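Worksheet: one structure, shown below.
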Number of protein chains: 2
Amino acid sequence: MMVVVSYDINTESKSGQRRLRHVAKICLDYGQRVQNSVFECKVNSMQLELMKERLLDEIDDSQDSLYFFNLGKNYKNRIKSYGIKEVINLESPVIF
Amino acid sequence: MMVVVSYDINTESKSGQRRLRHVAKICLDYGQRVQNSVFECKVNSMQLELMKERLLDEIDDSQDSLYFFNLGKNYKNRIKSYGIKEVINLESPVIF
C-alpha cells in the first residue's frame, strides 16, 4: 500500500534539528521524498507499523506534527503532482 | 471527498513569498491547514477542479511543487495524525 508521510518538526532548537534529520532518514528507509517534508512510502502493514513506531519514538509530540495518509493499494490515480519533481535533500551536504 | 494538498514554494524571491501567501489563501478557501504547507480539503469534483485551476495559475512550475493526494469519500481511517494539532499561520500577523 502507499502511505504518504508528512511532518512539521520544530527546528528552533539543536535537538529539533537532530529530530528533523532522524525523521527524514527513517522515512528514506521506507520510501522516497517528494517534497521537503513529504514522503511517499510503499509499505506492507508490518513495515507501516515499524515505521510508525520508529517515527513516534523520534518526534517530540509536544512540538512536532506527524501525519500518515494511507492511499491504499490502488493509489496511482489518487496522486497528482505538478511543478518540480526532484527535491534537494536539505540535510545532506552538497558536494561539487 | 477528502483531498490532501501539499506544496513546496520556492520563497527565495519576493515573488515566491507572494506565491506562498496566495497558495495558502486559496487552500483555506477549500479546507483546513493541518501542517505548514499541508491542507485537508473536503471538496466535490467541481470544487477540486476549480481549486486545482486556481493553484496551478498561482505556482511557478519551474520552481514550486504541488501535490494532490485524493483519499476519496471514506477517508476517516486513512488519516492518522500525531503530535501538535493547531498550526500557527506563519503568514498572518499575530495580534495580542
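Labeling convention for the C-alpha cells: chains A, B, ... as they appear, residues from 1 per chain, ligands from 1 in order of appearance.
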Identify, with DSSP run on backbone atoms, the residues in chain B assigned to strand (DSSP E), and express the list as JSON, numbers by chain.
{"B": [2, 3, 4, 5, 6, 7, 8, 31, 32, 33, 34, 35, 38, 39, 40, 41, 42, 65, 66, 67, 68, 69, 70, 71, 72, 79, 80, 81, 82, 83]}
Near stretch 47-56 of chain A, counting only C-alpha atoms, which residues have an atom at most 9 Å away, once you skip same-chain residues fewer than 5 positions from it, shown as a list in words?
Val3, His22, Val23, Ile26, Cys27, Asp29, Tyr30, Cys41, Lys42, Asp61, Leu66 and Phe68 of chain A; Tyr82 and Gly83 of chain B
Export of the given selection (all heavy atoms) as an mmCIF file, in the first residue's frame:
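New file out30.cif:
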```cif
data_model
loop_
_atom_site.group_PDB
_atom_site.id
_atom_site.type_symbol
_atom_site.label_atom_id
_atom_site.label_comp_id
_atom_site.auth_asym_id
_atom_site.auth_seq_id
_atom_site.Cartn_x
_atom_site.Cartn_y
_atom_site.Cartn_z
ATOM 1 N N VAL A 3 1.612 4.871 1.510
ATOM 2 C CA VAL A 3 1.318 5.757 2.637
ATOM 3 C C VAL A 3 2.144 7.033 2.469
ATOM 4 O O VAL A 3 3.351 6.957 2.249
ATOM 5 C CB VAL A 3 1.638 5.087 3.987
ATOM 6 C CG1 VAL A 3 1.410 6.054 5.140
ATOM 7 C CG2 VAL A 3 0.806 3.827 4.172
ATOM 8 N N HIS A 22 16.803 12.856 11.749
ATOM 9 C CA HIS A 22 16.472 11.456 12.028
ATOM 10 C C HIS A 22 15.153 11.046 11.378
ATOM 11 O O HIS A 22 15.027 9.962 10.814
ATOM 12 C CB HIS A 22 16.407 11.225 13.542
ATOM 13 C CG HIS A 22 17.742 11.289 14.216
ATOM 14 N ND1 HIS A 22 17.914 10.992 15.552
ATOM 15 C CD2 HIS A 22 18.973 11.637 13.756
ATOM 16 C CE1 HIS A 22 19.191 11.163 15.875
ATOM 17 N NE2 HIS A 22 19.848 11.559 14.804
ATOM 18 N N VAL A 23 14.175 11.929 11.460
ATOM 19 C CA VAL A 23 12.852 11.613 10.887
ATOM 20 C C VAL A 23 12.979 11.420 9.375
ATOM 21 O O VAL A 23 12.449 10.471 8.803
ATOM 22 C CB VAL A 23 11.842 12.722 11.241
ATOM 23 C CG1 VAL A 23 10.622 12.681 10.347
ATOM 24 C CG2 VAL A 23 11.430 12.609 12.704
ATOM 25 N N ILE A 26 14.638 8.063 8.614
ATOM 26 C CA ILE A 26 13.726 6.932 8.808
ATOM 27 C C ILE A 26 12.789 6.826 7.604
ATOM 28 O O ILE A 26 12.602 5.746 7.034
ATOM 29 C CB ILE A 26 12.919 7.097 10.114
ATOM 30 C CG1 ILE A 26 13.837 6.983 11.336
ATOM 31 C CG2 ILE A 26 11.787 6.070 10.195
ATOM 32 C CD1 ILE A 26 13.168 7.392 12.642
ATOM 33 N N CYS A 27 12.236 7.959 7.182
ATOM 34 C CA CYS A 27 11.301 7.921 6.039
ATOM 35 C C CYS A 27 11.998 7.404 4.784
ATOM 36 O O CYS A 27 11.408 6.633 4.001
ATOM 37 C CB CYS A 27 10.737 9.321 5.777
ATOM 38 S SG CYS A 27 9.583 9.894 7.040
ATOM 39 N N ASP A 29 14.181 5.209 4.650
ATOM 40 C CA ASP A 29 14.285 3.745 4.756
ATOM 41 C C ASP A 29 13.077 3.057 4.116
ATOM 42 O O ASP A 29 13.123 1.887 3.770
ATOM 43 C CB ASP A 29 14.368 3.318 6.226
ATOM 44 C CG ASP A 29 15.766 3.533 6.809
ATOM 45 O OD1 ASP A 29 16.693 3.814 6.016
ATOM 46 O OD2 ASP A 29 15.911 3.422 8.041
ATOM 47 N N TYR A 30 11.960 3.790 4.004
ATOM 48 C CA TYR A 30 10.708 3.152 3.559
ATOM 49 C C TYR A 30 10.173 3.733 2.259
ATOM 50 O O TYR A 30 9.215 3.196 1.691
ATOM 51 C CB TYR A 30 9.637 3.294 4.642
ATOM 52 C CG TYR A 30 10.010 2.609 5.929
ATOM 53 C CD1 TYR A 30 10.688 3.308 6.933
ATOM 54 C CD2 TYR A 30 9.722 1.266 6.121
ATOM 55 C CE1 TYR A 30 11.061 2.672 8.106
ATOM 56 C CE2 TYR A 30 10.100 0.621 7.292
ATOM 57 C CZ TYR A 30 10.770 1.338 8.280
ATOM 58 O OH TYR A 30 11.154 0.713 9.438
ATOM 59 N N CYS A 41 5.644 6.371 0.715
ATOM 60 C CA CYS A 41 6.233 5.119 1.207
ATOM 61 C C CYS A 41 5.356 3.939 0.801
ATOM 62 O O CYS A 41 4.201 3.844 1.227
ATOM 63 C CB CYS A 41 6.358 5.175 2.725
ATOM 64 S SG CYS A 41 7.354 6.562 3.286
ATOM 65 N N LYS A 42 5.929 3.055 -0.031
ATOM 66 C CA LYS A 42 5.215 1.834 -0.425
ATOM 67 C C LYS A 42 5.566 0.757 0.609
ATOM 68 O O LYS A 42 6.703 0.292 0.636
ATOM 69 C CB LYS A 42 5.652 1.396 -1.823
ATOM 70 C CG LYS A 42 4.548 1.443 -2.834
ATOM 71 C CD LYS A 42 5.052 1.137 -4.218
ATOM 72 C CE LYS A 42 4.553 -0.238 -4.645
ATOM 73 N NZ LYS A 42 4.970 -0.576 -6.007
ATOM 74 N N ASP A 61 6.131 14.991 20.602
ATOM 75 C CA ASP A 61 4.737 15.298 20.222
ATOM 76 C C ASP A 61 4.173 16.533 20.907
ATOM 77 O O ASP A 61 3.028 16.919 20.645
ATOM 78 C CB ASP A 61 3.815 14.080 20.338
ATOM 79 C CG ASP A 61 3.867 13.450 21.687
ATOM 80 O OD1 ASP A 61 4.301 14.144 22.629
ATOM 81 O OD2 ASP A 61 3.480 12.273 21.799
ATOM 82 N N LEU A 66 3.022 14.991 12.937
ATOM 83 C CA LEU A 66 3.310 13.867 12.036
ATOM 84 C C LEU A 66 1.988 13.323 11.498
ATOM 85 O O LEU A 66 1.076 13.046 12.282
ATOM 86 C CB LEU A 66 4.054 12.765 12.814
ATOM 87 C CG LEU A 66 4.430 11.487 12.071
ATOM 88 C CD1 LEU A 66 5.443 11.779 10.958
ATOM 89 C CD2 LEU A 66 5.011 10.455 13.049
ATOM 90 N N PHE A 68 0.062 10.571 8.653
ATOM 91 C CA PHE A 68 0.106 9.433 7.732
ATOM 92 C C PHE A 68 -1.194 9.451 6.941
ATOM 93 O O PHE A 68 -2.280 9.456 7.542
ATOM 94 C CB PHE A 68 0.207 8.103 8.497
ATOM 95 C CG PHE A 68 1.450 7.966 9.335
ATOM 96 C CD1 PHE A 68 1.472 8.411 10.653
ATOM 97 C CD2 PHE A 68 2.609 7.420 8.804
ATOM 98 C CE1 PHE A 68 2.610 8.296 11.427
ATOM 99 C CE2 PHE A 68 3.759 7.299 9.572
ATOM 100 C CZ PHE A 68 3.761 7.744 10.884
ATOM 101 N N TYR B 82 -0.310 12.595 14.655
ATOM 102 C CA TYR B 82 0.297 12.537 15.973
ATOM 103 C C TYR B 82 0.964 13.886 16.251
ATOM 104 O O TYR B 82 1.386 14.571 15.325
ATOM 105 C CB TYR B 82 1.360 11.420 16.018
ATOM 106 C CG TYR B 82 0.822 10.064 15.675
ATOM 107 C CD1 TYR B 82 0.726 9.644 14.352
ATOM 108 C CD2 TYR B 82 0.364 9.211 16.671
ATOM 109 C CE1 TYR B 82 0.204 8.393 14.026
ATOM 110 C CE2 TYR B 82 -0.163 7.954 16.358
ATOM 111 C CZ TYR B 82 -0.227 7.559 15.031
ATOM 112 O OH TYR B 82 -0.763 6.319 14.710
ATOM 113 N N GLY B 83 1.100 14.224 17.523
ATOM 114 C CA GLY B 83 1.786 15.467 17.866
ATOM 115 C C GLY B 83 0.831 16.634 17.876
ATOM 116 O O GLY B 83 -0.371 16.486 17.997
#
```
Can you tell me how far atom CA of B:Asn70 sits from atom CA of A:Asn36, in Å to one decimal?
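So the answer is 19.7 Å.
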Compare A:Asn44, A:Gln17, A:Thr11, A:Ser6 by their minimum atom-to-atom distance to chain B, counting only C-alpha atoms, and give me the closest one.
A:Ser6
Given a cut-off of 7 Å, which residues of chain A touch chain B, counting only C-alpha atoms, written out as a PDB file with C-alpha atoms, in the first residue's frame?
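Now in out_38.pdb:
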```pdb
ATOM      1  CA  ASP A   8       6.464  19.501  10.661  1.00  0.00           C
ATOM      2  CA  GLN A  35       8.695  17.365  -1.072  1.00  0.00           C
ATOM      3  CA  ASP A  61       4.737  15.298  20.222  1.00  0.00           C
ATOM      4  CA  SER A  62       4.548  18.500  22.252  1.00  0.00           C
ATOM      5  CA  GLN A  63       6.291  20.394  19.425  1.00  0.00           C
ATOM      6  CA  ASP A  64       6.170  18.353  16.228  1.00  0.00           C
ATOM      7  CA  SER A  65       3.389  17.176  13.913  1.00  0.00           C
ATOM      8  CA  LEU A  66       3.310  13.867  12.036  1.00  0.00           C
ATOM      9  CA  TYR A  67       0.669  12.741   9.552  1.00  0.00           C
ATOM     10  CA  PHE A  68       0.106   9.433   7.732  1.00  0.00           C
ATOM     11  CA  PHE A  69      -2.246   9.459   4.746  1.00  0.00           C
ATOM     12  CA  ASN A  70      -2.997   5.922   3.608  1.00  0.00           C
ATOM     13  CA  LEU A  71      -3.792   5.805  -0.117  1.00  0.00           C
ATOM     14  CA  ARG A  78      -5.014   9.142  -6.171  1.00  0.00           C
ATOM     15  CA  ILE A  79      -1.790  11.130  -6.642  1.00  0.00           C
ATOM     16  CA  LYS A  80      -1.440  14.158  -8.927  1.00  0.00           C
ATOM     17  CA  SER A  81       1.692  16.249  -8.873  1.00  0.00           C
ATOM     18  CA  TYR A  82       2.677  19.433 -10.634  1.00  0.00           C
ATOM     19  CA  GLY A  83       5.858  21.507 -10.811  1.00  0.00           C
ATOM     20  CA  ILE A  84       9.351  20.425  -9.890  1.00  0.00           C
ATOM     21  CA  LYS A  85       9.873  16.776  -9.093  1.00  0.00           C
TER      22      LYS A  85
END
```
For atom CA of A:Phe39 and atom CA of A:Arg19, the interatomic separation in Å (one decimal):
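Between atom CA of A:Phe39 and atom CA of A:Arg19 the gap is 16.0 Å.
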As an exercise, work out the distance from atom CA of A:Glu58 to atom CA of A:Ser13 in Å and give it to one decimal place.
14.8 Å
